[in-house]
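File shown: run.txt. Contents: compact mmCIF, C-alpha atoms and all ligand atoms.
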```
# COMPACT_ATOMS: atom_id res chain seq x y z
CA MET A 144 -46.88 108.61 -97.70
CA GLY A 145 -48.08 108.63 -94.11
CA ASP A 146 -47.82 111.66 -91.88
CA ALA A 147 -46.22 111.19 -88.44
CA ASP A 148 -47.87 114.20 -86.76
CA ARG A 149 -50.09 112.18 -84.48
CA LEU A 150 -50.05 108.42 -84.67
CA ASP A 151 -52.00 105.75 -82.86
CA VAL A 152 -49.35 103.40 -81.53
CA ALA A 153 -49.81 99.93 -80.00
CA VAL A 154 -46.87 98.61 -77.95
CA SER A 155 -46.53 94.90 -77.12
CA GLY A 156 -44.60 94.53 -73.84
CA GLY A 157 -44.80 96.89 -70.88
CA SER A 158 -41.34 96.71 -69.35
CA MET A 159 -38.40 99.10 -69.91
CA GLY A 160 -38.54 99.19 -73.72
CA GLY A 161 -42.34 99.45 -73.82
CA LEU A 162 -42.58 102.16 -71.19
CA PHE A 163 -39.71 104.35 -72.45
CA THR A 164 -41.20 104.12 -75.96
CA GLY A 165 -44.73 104.73 -74.73
CA LEU A 166 -43.74 107.80 -72.75
CA ALA A 167 -41.40 109.24 -75.40
CA LEU A 168 -44.11 108.93 -78.06
CA ARG A 169 -46.79 110.37 -75.77
CA TYR A 170 -44.60 113.39 -75.03
CA ASP A 171 -44.32 113.87 -78.80
CA GLY A 172 -48.11 113.97 -79.10
CA HIS A 173 -48.87 110.41 -80.24
CA ALA A 174 -51.62 108.25 -78.70
CA VAL A 175 -50.05 105.12 -77.21
CA ASP A 176 -51.51 101.95 -75.70
CA VAL A 177 -49.23 99.43 -74.03
CA PHE A 178 -50.24 95.74 -73.95
CA GLU A 179 -48.47 93.61 -71.34
CA ARG A 180 -48.98 89.87 -70.96
CA SER A 181 -48.36 89.85 -67.17
CA THR A 182 -51.39 90.17 -64.97
CA GLY A 183 -49.64 91.72 -61.96
CA GLU A 184 -46.35 93.40 -61.08
CA LEU A 185 -43.55 92.50 -63.47
CA GLU A 186 -40.91 90.18 -62.06
CA SER A 187 -38.00 92.44 -61.07
CA ARG A 188 -34.94 91.98 -63.28
CA GLY A 189 -32.51 91.55 -60.53
CA GLY A 190 -31.00 94.62 -59.30
CA GLY A 191 -28.47 97.18 -60.17
CA ILE A 192 -28.33 99.21 -63.31
CA VAL A 193 -25.52 101.48 -64.29
CA ALA A 194 -27.45 104.73 -64.66
CA GLN A 195 -26.52 105.92 -68.14
CA PRO A 196 -26.79 109.70 -68.66
CA ARG A 197 -29.21 109.49 -71.61
CA MET A 198 -31.75 107.61 -69.53
CA LEU A 199 -31.38 109.94 -66.53
CA ASP A 200 -31.68 113.03 -68.74
CA PHE A 201 -34.98 111.73 -70.14
CA LEU A 202 -36.39 111.03 -66.67
CA ASP A 203 -35.25 114.44 -65.48
CA ALA A 204 -36.40 116.44 -68.51
CA HIS A 205 -39.93 115.04 -68.28
CA GLY A 206 -40.22 115.38 -64.51
CA ILE A 207 -40.42 111.57 -64.10
CA ALA A 208 -37.61 111.35 -61.55
CA ALA A 209 -34.78 113.58 -60.37
CA PRO A 210 -31.51 111.69 -60.94
CA ALA A 211 -30.21 112.43 -57.41
CA GLU A 212 -33.30 110.79 -55.91
CA ILE A 213 -32.90 107.43 -57.65
CA THR A 214 -29.14 107.02 -57.94
CA THR A 215 -26.18 106.10 -55.81
CA THR A 216 -22.70 107.14 -56.91
CA THR A 217 -19.12 105.99 -56.57
CA SER A 218 -15.96 107.92 -57.34
CA ARG A 219 -13.41 105.07 -57.36
CA ARG A 220 -13.00 101.66 -58.96
CA ARG A 221 -11.10 99.02 -56.99
CA TYR A 222 -9.84 95.56 -57.92
CA LEU A 223 -9.32 93.18 -55.01
CA ASP A 224 -6.72 90.45 -55.05
CA ARG A 225 -7.33 86.85 -54.06
CA ASN A 226 -6.50 87.63 -50.40
CA ASP A 227 -8.91 90.57 -50.28
CA GLY A 228 -6.15 93.14 -50.50
CA VAL A 229 -6.30 96.03 -52.97
CA GLU A 230 -4.66 95.00 -56.23
CA ARG A 231 -5.27 98.37 -57.96
CA GLU A 232 -7.56 101.33 -57.64
CA TYR A 233 -8.29 104.44 -59.67
CA ALA A 234 -10.69 107.39 -59.90
CA ASP A 235 -13.82 106.51 -61.91
CA ARG A 236 -17.13 108.25 -61.38
CA MET A 237 -20.20 106.01 -61.76
CA SER A 238 -23.92 106.35 -61.08
CA PHE A 239 -26.13 103.38 -60.26
CA THR A 240 -29.81 102.85 -59.90
CA SER A 241 -32.02 99.79 -59.69
CA TRP A 242 -34.25 98.12 -62.24
CA ASP A 243 -37.24 98.29 -59.89
CA ALA A 244 -36.77 102.02 -59.09
CA VAL A 245 -36.68 102.96 -62.79
CA TYR A 246 -39.56 100.65 -63.71
CA ARG A 247 -41.72 102.06 -60.89
CA GLN A 248 -41.11 105.69 -61.95
CA LEU A 249 -41.90 104.92 -65.59
CA ARG A 250 -44.99 102.95 -64.72
CA ASP A 251 -46.29 105.74 -62.46
CA ALA A 252 -45.76 108.27 -65.27
CA PHE A 253 -47.73 106.20 -67.82
CA PRO A 254 -51.56 106.45 -67.58
CA ASP A 255 -53.23 103.37 -66.09
CA ASP A 256 -56.10 103.41 -68.57
CA ARG A 257 -53.65 102.99 -71.47
CA TYR A 258 -51.56 100.23 -69.85
CA ARG A 259 -53.46 97.01 -70.50
CA MET A 260 -52.40 94.01 -68.46
CA GLY A 261 -53.17 90.36 -69.21
CA LYS A 262 -52.79 90.99 -72.97
CA ARG A 263 -50.46 88.48 -74.59
CA THR A 264 -49.74 89.27 -78.22
CA VAL A 265 -50.08 86.16 -80.37
CA ASP A 266 -49.82 87.75 -83.80
CA ALA A 267 -48.73 90.99 -85.43
CA ASP A 268 -49.57 92.02 -88.96
CA SER A 269 -48.95 95.08 -91.08
CA ALA A 270 -50.90 96.03 -94.20
CA GLY A 271 -50.65 99.41 -95.91
CA ARG A 272 -50.47 102.07 -93.23
CA THR A 273 -51.98 99.94 -90.50
CA ALA A 274 -50.54 97.47 -88.01
CA THR A 275 -52.67 95.04 -86.03
CA LEU A 276 -51.80 93.16 -82.87
CA ALA A 277 -53.88 90.09 -81.99
CA PHE A 278 -54.10 88.96 -78.36
CA ASP A 279 -54.65 85.59 -76.76
CA ASP A 280 -58.11 86.65 -75.46
CA GLY A 281 -59.30 87.01 -79.06
CA SER A 282 -59.21 90.82 -79.11
CA THR A 283 -57.13 92.95 -81.49
CA ALA A 284 -55.61 96.44 -81.57
CA ARG A 285 -55.30 98.38 -84.83
CA ALA A 286 -52.83 101.23 -84.95
CA ASP A 287 -50.71 103.33 -87.30
CA LEU A 288 -47.63 101.75 -85.79
CA ALA A 289 -46.99 98.66 -83.64
CA VAL A 290 -43.91 98.41 -81.45
CA VAL A 291 -42.69 95.00 -80.27
CA ALA A 292 -40.86 95.39 -76.94
CA GLU A 293 -41.31 91.80 -75.75
CA GLY A 294 -37.77 91.14 -74.48
CA GLY A 295 -35.17 88.57 -75.50
CA ARG A 296 -37.64 85.69 -75.93
CA SER A 297 -40.12 87.68 -78.02
CA SER A 298 -42.58 85.36 -79.74
CA THR A 299 -43.52 88.10 -82.23
CA ARG A 300 -39.86 88.36 -83.26
CA ASP A 301 -39.85 84.58 -83.77
CA ARG A 302 -42.72 84.99 -86.23
CA LEU A 303 -41.18 88.01 -88.01
CA LEU A 304 -37.67 86.54 -88.13
CA PRO A 305 -37.88 82.75 -87.97
CA GLY A 306 -34.54 81.16 -87.09
CA VAL A 307 -33.13 84.24 -85.33
CA GLU A 308 -32.31 83.04 -81.80
CA PRO A 309 -30.32 84.28 -78.81
CA GLU A 310 -26.93 82.46 -78.62
CA TYR A 311 -25.64 81.17 -75.28
CA ALA A 312 -22.23 82.75 -74.57
CA GLY A 313 -20.91 79.82 -72.50
CA TYR A 314 -21.16 81.32 -69.03
CA VAL A 315 -23.64 82.54 -66.44
CA ALA A 316 -23.97 85.38 -63.96
CA TRP A 317 -24.81 84.47 -60.39
CA ARG A 318 -26.47 87.50 -58.87
CA GLY A 319 -27.85 88.79 -55.62
CA VAL A 320 -29.20 91.85 -53.91
CA THR A 321 -29.21 92.29 -50.15
CA PRO A 322 -30.12 95.16 -47.80
CA GLU A 323 -26.96 96.88 -46.61
CA SER A 324 -28.18 96.32 -43.04
CA ALA A 325 -27.89 92.53 -43.60
CA VAL A 326 -24.20 92.75 -44.43
CA PRO A 327 -21.49 92.99 -41.74
CA ALA A 328 -20.62 96.69 -41.26
CA ALA A 329 -16.97 96.11 -42.11
CA VAL A 330 -17.95 94.61 -45.47
CA ASN A 331 -20.53 97.29 -46.22
CA GLU A 332 -18.00 100.05 -45.61
CA ARG A 333 -15.75 98.63 -48.29
CA PHE A 334 -18.38 99.44 -50.94
CA GLU A 335 -18.92 103.02 -49.76
CA ASP A 336 -17.99 105.22 -52.73
CA VAL A 337 -16.19 102.28 -54.41
CA PHE A 338 -17.20 100.14 -57.41
CA THR A 339 -15.49 96.88 -56.40
CA PHE A 340 -14.23 93.99 -58.55
CA TYR A 341 -12.34 90.73 -58.32
CA GLN A 342 -10.96 89.29 -61.56
CA GLY A 343 -10.30 85.55 -61.27
CA PRO A 344 -8.72 83.28 -63.90
CA HIS A 345 -12.09 82.38 -65.49
CA ASP A 346 -14.50 84.53 -63.55
CA LEU A 347 -15.25 88.09 -62.57
CA VAL A 348 -17.16 89.39 -59.55
CA LEU A 349 -18.36 92.93 -58.99
CA GLY A 350 -20.46 94.75 -56.45
CA TYR A 351 -21.92 98.17 -55.74
CA LEU A 352 -24.54 99.93 -53.64
CA ILE A 353 -27.93 100.63 -55.24
CA PRO A 354 -31.10 102.39 -53.97
CA GLY A 355 -33.35 100.51 -51.56
CA PRO A 356 -36.55 98.79 -52.65
CA ASP A 357 -38.50 102.04 -52.20
CA GLY A 358 -35.82 104.04 -53.97
CA GLY A 359 -34.10 105.28 -50.77
CA THR A 360 -30.51 106.37 -51.33
CA ALA A 361 -29.56 107.38 -47.75
CA ALA A 362 -27.03 105.26 -45.82
CA GLY A 363 -28.90 102.39 -44.18
CA GLU A 364 -31.69 102.33 -46.81
CA ARG A 365 -29.63 101.06 -49.73
CA ARG A 366 -28.94 97.56 -51.00
CA LEU A 367 -25.76 95.85 -52.13
CA ASN A 368 -25.86 94.36 -55.60
CA TRP A 369 -23.35 91.74 -56.74
CA VAL A 370 -22.78 89.88 -59.98
CA TRP A 371 -20.44 86.88 -60.39
CA TYR A 372 -19.70 85.88 -63.98
CA ASP A 373 -18.72 82.22 -63.87
CA ASP A 374 -17.88 79.90 -66.75
CA VAL A 375 -19.36 76.89 -64.87
CA ARG A 376 -17.03 74.90 -67.08
CA ASP A 377 -17.65 71.43 -65.67
CA ARG A 378 -21.41 71.82 -65.39
CA ASP A 379 -24.44 71.54 -67.63
CA GLU A 380 -26.02 75.01 -67.86
CA ARG A 381 -29.41 73.48 -68.64
CA ARG A 382 -29.45 71.91 -65.17
CA LEU A 383 -28.53 75.26 -63.58
CA LEU A 384 -31.48 76.83 -65.38
CA THR A 385 -33.97 74.27 -64.13
CA ASP A 386 -35.75 75.76 -61.13
CA GLU A 387 -36.81 74.15 -57.88
CA ASP A 388 -40.18 73.14 -59.41
CA GLY A 389 -38.41 71.29 -62.22
CA ARG A 390 -39.28 73.98 -64.75
CA ARG A 391 -36.61 74.64 -67.36
CA ARG A 392 -36.08 78.41 -67.61
CA GLU A 393 -34.67 80.09 -70.70
CA PHE A 394 -32.65 83.09 -69.53
CA SER A 395 -32.66 83.05 -65.76
CA VAL A 396 -33.89 81.44 -62.57
CA PRO A 397 -35.34 84.26 -60.43
CA PRO A 398 -34.71 84.91 -56.71
CA GLY A 399 -36.21 82.21 -54.51
CA LYS A 400 -36.37 79.67 -57.34
CA LEU A 401 -32.83 78.23 -57.46
CA ARG A 402 -32.77 74.49 -56.75
CA SER A 403 -31.33 73.82 -53.30
CA ASP A 404 -28.41 71.74 -54.64
CA VAL A 405 -27.49 74.55 -57.07
CA GLU A 406 -27.70 77.15 -54.30
CA SER A 407 -25.61 75.03 -51.88
CA ARG A 408 -22.90 74.57 -54.51
CA LEU A 409 -22.92 78.33 -55.26
CA ARG A 410 -22.53 79.12 -51.56
CA ALA A 411 -19.72 76.60 -51.15
CA ASP A 412 -17.88 77.92 -54.25
CA ALA A 413 -18.32 81.52 -53.07
CA GLU A 414 -16.30 80.71 -49.94
CA GLY A 415 -13.27 80.66 -52.23
CA LEU A 416 -13.76 84.29 -53.31
CA PRO A 417 -11.97 87.22 -51.65
CA ALA A 418 -13.52 87.69 -48.19
CA THR A 419 -15.43 90.87 -49.15
CA PHE A 420 -17.38 88.98 -51.81
CA ALA A 421 -17.56 85.71 -49.87
CA ASP A 422 -19.24 87.59 -47.01
CA LEU A 423 -21.56 89.40 -49.39
CA VAL A 424 -22.77 86.17 -51.03
CA ALA A 425 -23.17 84.57 -47.59
CA ALA A 426 -25.36 87.51 -46.47
CA THR A 427 -27.67 87.24 -49.51
CA ASP A 428 -30.94 85.41 -48.93
CA GLU A 429 -32.06 84.58 -52.42
CA PRO A 430 -29.27 84.49 -55.00
CA PHE A 431 -30.31 83.85 -58.59
CA VAL A 432 -28.75 83.03 -61.94
CA GLN A 433 -28.87 84.54 -65.41
CA ALA A 434 -27.40 82.83 -68.47
CA ILE A 435 -25.41 85.15 -70.72
CA TYR A 436 -26.65 85.45 -74.31
CA ASP A 437 -25.98 87.47 -77.43
CA LEU A 438 -28.75 88.36 -79.86
CA THR A 439 -28.61 90.35 -83.07
CA VAL A 440 -31.31 90.89 -85.69
CA PRO A 441 -30.89 91.79 -89.36
CA ARG A 442 -33.96 94.09 -89.38
CA MET A 443 -35.96 96.12 -86.89
CA VAL A 444 -38.73 97.48 -89.14
CA PHE A 445 -41.36 95.36 -90.90
CA ASP A 446 -43.61 97.87 -92.67
CA ARG A 447 -45.52 99.42 -89.75
CA ILE A 448 -44.11 97.09 -87.05
CA CYS A 449 -40.85 97.76 -85.23
CA LEU A 450 -38.81 95.63 -82.88
CA LEU A 451 -36.82 97.25 -80.09
CA GLY A 452 -35.07 96.72 -76.74
CA ASP A 453 -34.06 93.15 -75.92
CA ALA A 454 -36.48 91.84 -78.57
CA ALA A 455 -33.96 93.14 -81.12
CA PHE A 456 -30.49 93.09 -79.55
CA VAL A 457 -29.31 91.49 -76.32
CA ALA A 458 -25.82 92.62 -75.36
CA ARG A 459 -23.87 90.99 -72.53
CA PRO A 460 -24.40 92.72 -69.19
CA HIS A 461 -20.71 93.81 -69.10
CA THR A 462 -21.82 96.69 -71.29
CA ALA A 463 -24.18 97.76 -68.48
CA ALA A 464 -26.49 99.02 -71.18
CA GLY A 465 -29.50 96.68 -71.63
CA THR A 466 -31.94 99.07 -70.03
CA ALA A 467 -30.25 102.16 -71.44
CA LYS A 468 -30.39 100.69 -74.96
CA ALA A 469 -34.09 99.86 -74.63
CA ALA A 470 -34.59 103.47 -73.47
CA ALA A 471 -32.56 104.91 -76.34
CA ASP A 472 -34.43 102.79 -78.93
CA GLY A 473 -37.73 104.24 -77.70
CA ILE A 474 -36.57 107.83 -77.22
CA GLU A 475 -34.96 107.89 -80.66
CA LEU A 476 -38.07 106.44 -82.25
CA GLY A 477 -39.95 109.43 -80.83
CA ASP A 478 -37.28 111.80 -82.17
CA ALA A 479 -37.31 110.18 -85.62
CA LEU A 480 -41.07 110.24 -86.15
CA GLU A 481 -41.48 113.43 -88.11
CA GLY A 482 -42.94 113.93 -91.57
CA ASP A 483 -43.19 110.80 -93.67
CA VAL A 484 -43.55 107.70 -91.43
CA GLU A 485 -41.83 105.25 -93.77
CA ALA A 486 -38.82 107.54 -94.23
CA ALA A 487 -38.67 108.13 -90.46
CA LEU A 488 -38.75 104.40 -89.69
CA ASP A 489 -36.09 103.76 -92.28
CA ARG A 490 -33.78 106.36 -90.68
CA TRP A 491 -34.46 105.06 -87.20
CA GLU A 492 -33.79 101.46 -88.24
CA ARG A 493 -30.44 102.30 -89.82
CA GLU A 494 -29.26 104.12 -86.71
CA ARG A 495 -30.55 101.61 -84.17
CA LEU A 496 -29.27 98.55 -86.10
CA GLU A 497 -25.83 100.14 -86.05
CA ALA A 498 -26.06 100.97 -82.32
CA GLY A 499 -27.31 97.46 -81.47
CA ARG A 500 -24.58 95.71 -83.48
CA ARG A 501 -21.90 97.88 -81.90
CA LEU A 502 -23.14 97.14 -78.40
CA VAL A 503 -23.37 93.37 -78.93
CA ALA A 504 -19.83 93.33 -80.39
CA GLU A 505 -18.56 95.36 -77.44
CA GLY A 506 -20.21 92.91 -74.99
CA ARG A 507 -18.57 89.94 -76.76
CA ARG A 508 -15.18 91.60 -76.65
CA MET A 509 -15.52 92.42 -72.95
CA GLY A 510 -16.76 88.91 -72.14
CA GLU A 511 -13.83 87.31 -73.94
CA ASN A 512 -11.40 89.49 -72.02
CA TYR A 513 -12.94 88.86 -68.63
CA MET A 514 -13.62 85.15 -68.98
CA ASN A 515 -10.29 84.12 -70.52
C1 LIG B 1 -32.34 88.20 -64.95
C2 LIG B 1 -32.03 89.49 -65.66
C3 LIG B 1 -31.36 90.48 -64.97
C4 LIG B 1 -31.06 91.69 -65.60
N1 LIG B 1 -30.42 92.64 -64.90
C5 LIG B 1 -30.15 93.82 -65.49
C6 LIG B 1 -29.51 94.83 -64.79
O1 LIG B 1 -29.19 94.66 -63.61
N2 LIG B 1 -29.23 95.99 -65.43
C7 LIG B 1 -29.60 96.23 -66.74
O2 LIG B 1 -29.37 97.33 -67.31
N3 LIG B 1 -30.24 95.29 -67.42
C8 LIG B 1 -30.50 94.09 -66.82
N4 LIG B 1 -31.10 93.13 -67.52
C9 LIG B 1 -31.47 93.44 -68.87
C10 LIG B 1 -32.69 94.30 -68.82
O3 LIG B 1 -33.68 93.71 -68.02
C11 LIG B 1 -33.21 94.46 -70.21
O4 LIG B 1 -32.17 94.88 -71.08
C12 LIG B 1 -34.29 95.48 -70.28
O5 LIG B 1 -35.27 95.21 -69.31
C13 LIG B 1 -34.87 95.41 -71.69
O6 LIG B 1 -36.16 95.85 -71.67
P1 LIG B 1 -37.22 95.27 -72.71
O7 LIG B 1 -38.47 96.04 -72.41
O8 LIG B 1 -36.67 95.29 -74.07
O9 LIG B 1 -37.41 93.74 -72.34
P2 LIG B 1 -37.92 93.07 -71.01
O10 LIG B 1 -37.55 93.86 -69.81
O11 LIG B 1 -37.52 91.64 -71.07
O12 LIG B 1 -39.51 93.16 -71.10
C14 LIG B 1 -40.30 92.49 -72.03
C15 LIG B 1 -41.75 92.66 -71.59
O13 LIG B 1 -42.60 92.17 -72.60
C16 LIG B 1 -43.59 91.34 -72.02
N5 LIG B 1 -43.99 90.37 -73.06
C17 LIG B 1 -43.23 89.35 -73.57
N6 LIG B 1 -43.90 88.71 -74.54
C18 LIG B 1 -45.10 89.33 -74.66
C19 LIG B 1 -46.22 89.12 -75.52
N7 LIG B 1 -46.25 88.15 -76.43
N8 LIG B 1 -47.29 89.95 -75.37
C20 LIG B 1 -47.29 90.96 -74.44
N9 LIG B 1 -46.24 91.19 -73.59
C21 LIG B 1 -45.16 90.39 -73.72
C22 LIG B 1 -42.90 90.71 -70.83
O14 LIG B 1 -43.81 90.23 -69.86
C23 LIG B 1 -42.07 91.88 -70.32
O15 LIG B 1 -42.78 92.71 -69.44
C24 LIG B 1 -31.42 91.91 -66.94
C25 LIG B 1 -32.10 90.91 -67.64
C26 LIG B 1 -32.40 89.71 -67.02
C27 LIG B 1 -33.13 88.64 -67.79
```
Would you kindly transcribe this structure into structure tokens?
Ligand SMILES: Cc1cc2nc3c(=O)[nH]c(=O)nc-3n(C[C@H](O)[C@H](O)[C@H](O)COP(=O)(O)OP(=O)(O)OC[C@H]3O[C@@H](n4cnc5c(N)ncnc54)[C@H](O)[C@@H]3O)c2cc1C
Amino acid sequence: MGDADRLDVAVSGGSMGGLFTGLALRYDGHAVDVFERSTGELESRGGGIVAQPRMLDFLDAHGIAAPAEITTTTSRRRYLDRNDGVEREYADRMSFTSWDAVYRQLRDAFPDDRYRMGKRTVDADSAGRTATLAFDDGSTARADLAVVAEGGRSSTRDRLLPGVEPEYAGYVAWRGVTPESAVPAAVNERFEDVFTFYQGPHDLVLGYLIPGPDGGTAAGERRLNWVWYDDVRDRDERRLLTDEDGRRREFSVPPGKLRSDVESRLRADAEGLPATFADLVAATDEPFVQAIYDLTVPRMVFDRICLLGDAAFVARPHTAAGTAKAAADGIELGDALEGDVEAALDRWERERLEAGRRLVAEGRRMGENYMN
């Protein structure tokens, strides 16, 4: 029996899952070190995030960020028709933030001397009440608990669960973020207070305002975020995911890296969208693409090692919950760790497996509806 009063915890991966977990466990009195393979700023994950209440409450309760300062809101949802008219519209209150604004606040709240960059985990092992992470520079970290928050392509998950792989869902999301000042005023105004959609026969486009790169939420400082789910039916998705340097990417080709022929085709195809979205795509400097995947795991706890965030479950972005789920996995791990560690991990795993499975199923259902 191990006591969860104060644990030494080593976290592999310093993005959303790693930082929410690291902070939640620190606030509960545990000693946490985060090990991140990147050597500089993390590559931003695109743009907009639907700001789920659980995540905002955590940021607010711990004085990390006041929700009003990092969110934009809309009070209506509108579907455009093919000719850019309003097909239907209804009241629907939403809050949005951006991946970079949340990441920056979390990173600032986590102590620098416990956030180790340039540390790529190459092995994880658990024996008795100890977990050990081994890094590519030959060093190791021993802890009472290791948390694997390495994202959808986690190599540690591959070792713990050989054969468990993300499954391509058969379509991609073209995406872009552009300063509102770069968009014609008449187009920008259409997004004011409105979460805007266009549902095509085999595609779905949506757009909304998000905070600016420095978190500004005042008019003029914000950015417009759009996502175009496209079944790219006559095209080979592997070619779309090969970047301009000829490198084959797994999940996404980031801004500035789309091959020019892929970008030209995207821009030409976007001219066929309702004018609001056609203009928005035209005003975006560096569109990018993300392939849509589903991932589920049969287990999240391996003695004193746990998997969380995208390393465990990747739900389609229609659920608008990737970041919120990574946050909830970490926050709930903190809440669960009381008394006997093994019993706490067992409880946490049962709850988070259920939540992950539900979310992935919901994403599949939504994707099937939207894309067919
Ligand atoms: C292109 C793209 C756009 C997205 N856009 C949105 C969005 O707009 N809204 C939203 O809610 N969600 C979005 N998501 C999903 C969202 O980014 C994830 O759900 C969320 O970031 C999950 O956090 P995570 O920490 O589990 O994984 P990740 O954010 O993927 O982070 C994993 C971290 O682990 C590090 N790492 C990986 N392997 C190792 C290793 N071996 N050793 C040490 N470190 C390692 C990585 O460098 C990375 O920092 C997007 C995802 C992608 C790929």
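Atom to atom, atom CA of Ile353 of chain A and atom CA of Gly452 of chain A stand 23.0 Å apart.
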Segment 418-426 of chain A: which residues within 9 Å, counting only C-alpha atoms, same-chain residues fewer than 4 positions away excluded, as a VMD selection string?
chain A and resid 223 225 to 227 318 to 319 321 325 to 327 329 to 331 333 340 to 341 348 to 350 367 369 409 to 410 412 to 414 430
Proximity to Asp379 of chain A - best of A:Asp404, A:Ile435, A:Tyr314, A:Arg365, only C-alpha atoms
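Of the candidates, the smallest distance to Asp379 of chain A is held by A:Tyr314.
Nearest to Asp151 of chain A of all the residues A:Arg459, A:Glu492, A:Met237, A:Val290 is A:Val290, counting only C-alpha atoms.
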Find, counting all atoms listed in the file, the residue in A:Arg219, A:Asp373, A:Ala362, A:Val444 that gets nearest to Ala312 of chain A.
A:Asp373
Would you give me, as CSV, each residue of chain A having an atom within 6 Å of an atom of ligand LIG 1 (chain B), along with its shortest atom pair and that distance in Å to one decimal, using all atoms listed in the file and sorting by chain and residue number?
```
residue,atom,partner,partner_atom,distance
A:Ser155,CA,B:LIG1,C20,4.8
A:Gly156,CA,B:LIG1,O13,3.3
A:Gly157,CA,B:LIG1,O15,4.9
A:Ser158,CA,B:LIG1,O7,4.2
A:Met159,CA,B:LIG1,O7,4.0
A:Gly160,CA,B:LIG1,O7,3.4
A:Gly161,CA,B:LIG1,O7,5.3
A:Phe178,CA,B:LIG1,C20,5.6
A:Glu179,CA,B:LIG1,N9,4.0
A:Arg180,CA,B:LIG1,C20,4.0
A:Ser181,CA,B:LIG1,O14,5.3
A:Arg188,CA,B:LIG1,C3,4.2
A:Gly189,CA,B:LIG1,C3,4.7
A:Gly190,CA,B:LIG1,O1,4.7
A:Gly191,CA,B:LIG1,O1,4.3
A:Ile192,CA,B:LIG1,N2,4.0
A:Lys262,CA,B:LIG1,C20,5.7
A:Arg263,CA,B:LIG1,N8,3.6
A:Thr264,CA,B:LIG1,N8,3.8
A:Val265,CA,B:LIG1,N7,5.8
A:Ala292,CA,B:LIG1,O8,5.1
A:Glu293,CA,B:LIG1,O13,3.4
A:Gly294,CA,B:LIG1,O9,3.4
A:Gly295,CA,B:LIG1,O11,5.9
A:Ser297,CA,B:LIG1,N6,5.2
A:Ser298,CA,B:LIG1,N7,5.7
A:Phe394,CA,B:LIG1,C27,5.8
A:Ser395,CA,B:LIG1,C1,5.2
A:Gln433,CA,B:LIG1,C1,5.1
A:Gly452,CA,B:LIG1,O8,3.4
A:Asp453,CA,B:LIG1,O8,3.8
A:Ala454,CA,B:LIG1,O8,5.7
A:Ala463,CA,B:LIG1,O2,5.3
A:Ala464,CA,B:LIG1,O2,5.1
A:Gly465,CA,B:LIG1,O4,3.3
A:Thr466,CA,B:LIG1,O2,4.1
A:Ala469,CA,B:LIG1,O8,5.3
```
If you measure from atom CA of Arg220 of chain A to atom CA of Thr339 of chain A, what distance in Å do you get, rounded to one decimal?
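So the answer is 6.0 Å.
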Using Å and a single decimal, report how far atom CA of Gln342 of chain A sits from atom CA of Ala411 of chain A.
18.6 Å
Contact residues around Tyr513 of chain A with all atoms listed in the file at 9 Å, ignoring same-chain residues under 6 positions, as a compact mmCIF listing (two decimals) with C-alpha atoms, in the frame of the given file:
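File written: out.txt
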```
# COMPACT_ATOMS: atom_id res chain seq x y z
CA GLN A 342 -10.96 89.29 -61.56
CA GLY A 343 -10.30 85.55 -61.27
CA PRO A 344 -8.72 83.28 -63.90
CA HIS A 345 -12.09 82.38 -65.49
CA ASP A 346 -14.50 84.53 -63.55
CA LEU A 347 -15.25 88.09 -62.57
CA TYR A 372 -19.70 85.88 -63.98
```
List as an NGL selection string the protein and nucleic acid residues near Leu304 of chain A, meaning an atom at most 10 Å away when only C-alpha atoms are counted, but skip any in the same chain fewer than 4 places from it.
:A and (298-300 or 308 or 440-443 or 445)
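Of the listed residues (A:Trp317, A:Phe431, A:Phe338, A:Tyr222), A:Phe338 comes nearest to Asp235 of chain A; the distances count only C-alpha atoms.
Among the candidates A:Arg378, A:Arg495, A:Val396, A:Tyr436, the one nearest to Arg408 of chain A when counting all atoms listed in the file is A:Arg378.
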Nearest to Thr217 of chain A: which of A:Arg149, A:Arg231, A:Arg285, A:Arg236 is it, counting all atoms listed in the file?
A:Arg236
List as a PDB file with C-alpha atoms, keeping the file's coordinate frame the protein and nucleic acid residues near Ala209 of chain A, meaning an atom at most 12 Å away when all atoms listed in the file are counted, but skip any in the same chain fewer than 4 places from it.
```pdb
ATOM      1  CA  MET A 198     -31.750 107.610 -69.530  1.00  0.00           C
ATOM      2  CA  LEU A 199     -31.380 109.940 -66.530  1.00  0.00           C
ATOM      3  CA  ASP A 200     -31.680 113.030 -68.740  1.00  0.00           C
ATOM      4  CA  PHE A 201     -34.980 111.730 -70.140  1.00  0.00           C
ATOM      5  CA  LEU A 202     -36.390 111.030 -66.670  1.00  0.00           C
ATOM      6  CA  ASP A 203     -35.250 114.440 -65.480  1.00  0.00           C
ATOM      7  CA  ALA A 204     -36.400 116.440 -68.510  1.00  0.00           C
ATOM      8  CA  HIS A 205     -39.930 115.040 -68.280  1.00  0.00           C
ATOM      9  CA  ILE A 213     -32.900 107.430 -57.650  1.00  0.00           C
ATOM     10  CA  THR A 214     -29.140 107.020 -57.940  1.00  0.00           C
ATOM     11  CA  THR A 240     -29.810 102.850 -59.900  1.00  0.00           C
ATOM     12  CA  ALA A 244     -36.770 102.020 -59.090  1.00  0.00           C
ATOM     13  CA  VAL A 245     -36.680 102.960 -62.790  1.00  0.00           C
ATOM     14  CA  GLN A 248     -41.110 105.690 -61.950  1.00  0.00           C
ATOM     15  CA  GLY A 358     -35.820 104.040 -53.970  1.00  0.00           C
TER      16      GLY A 358
END
```
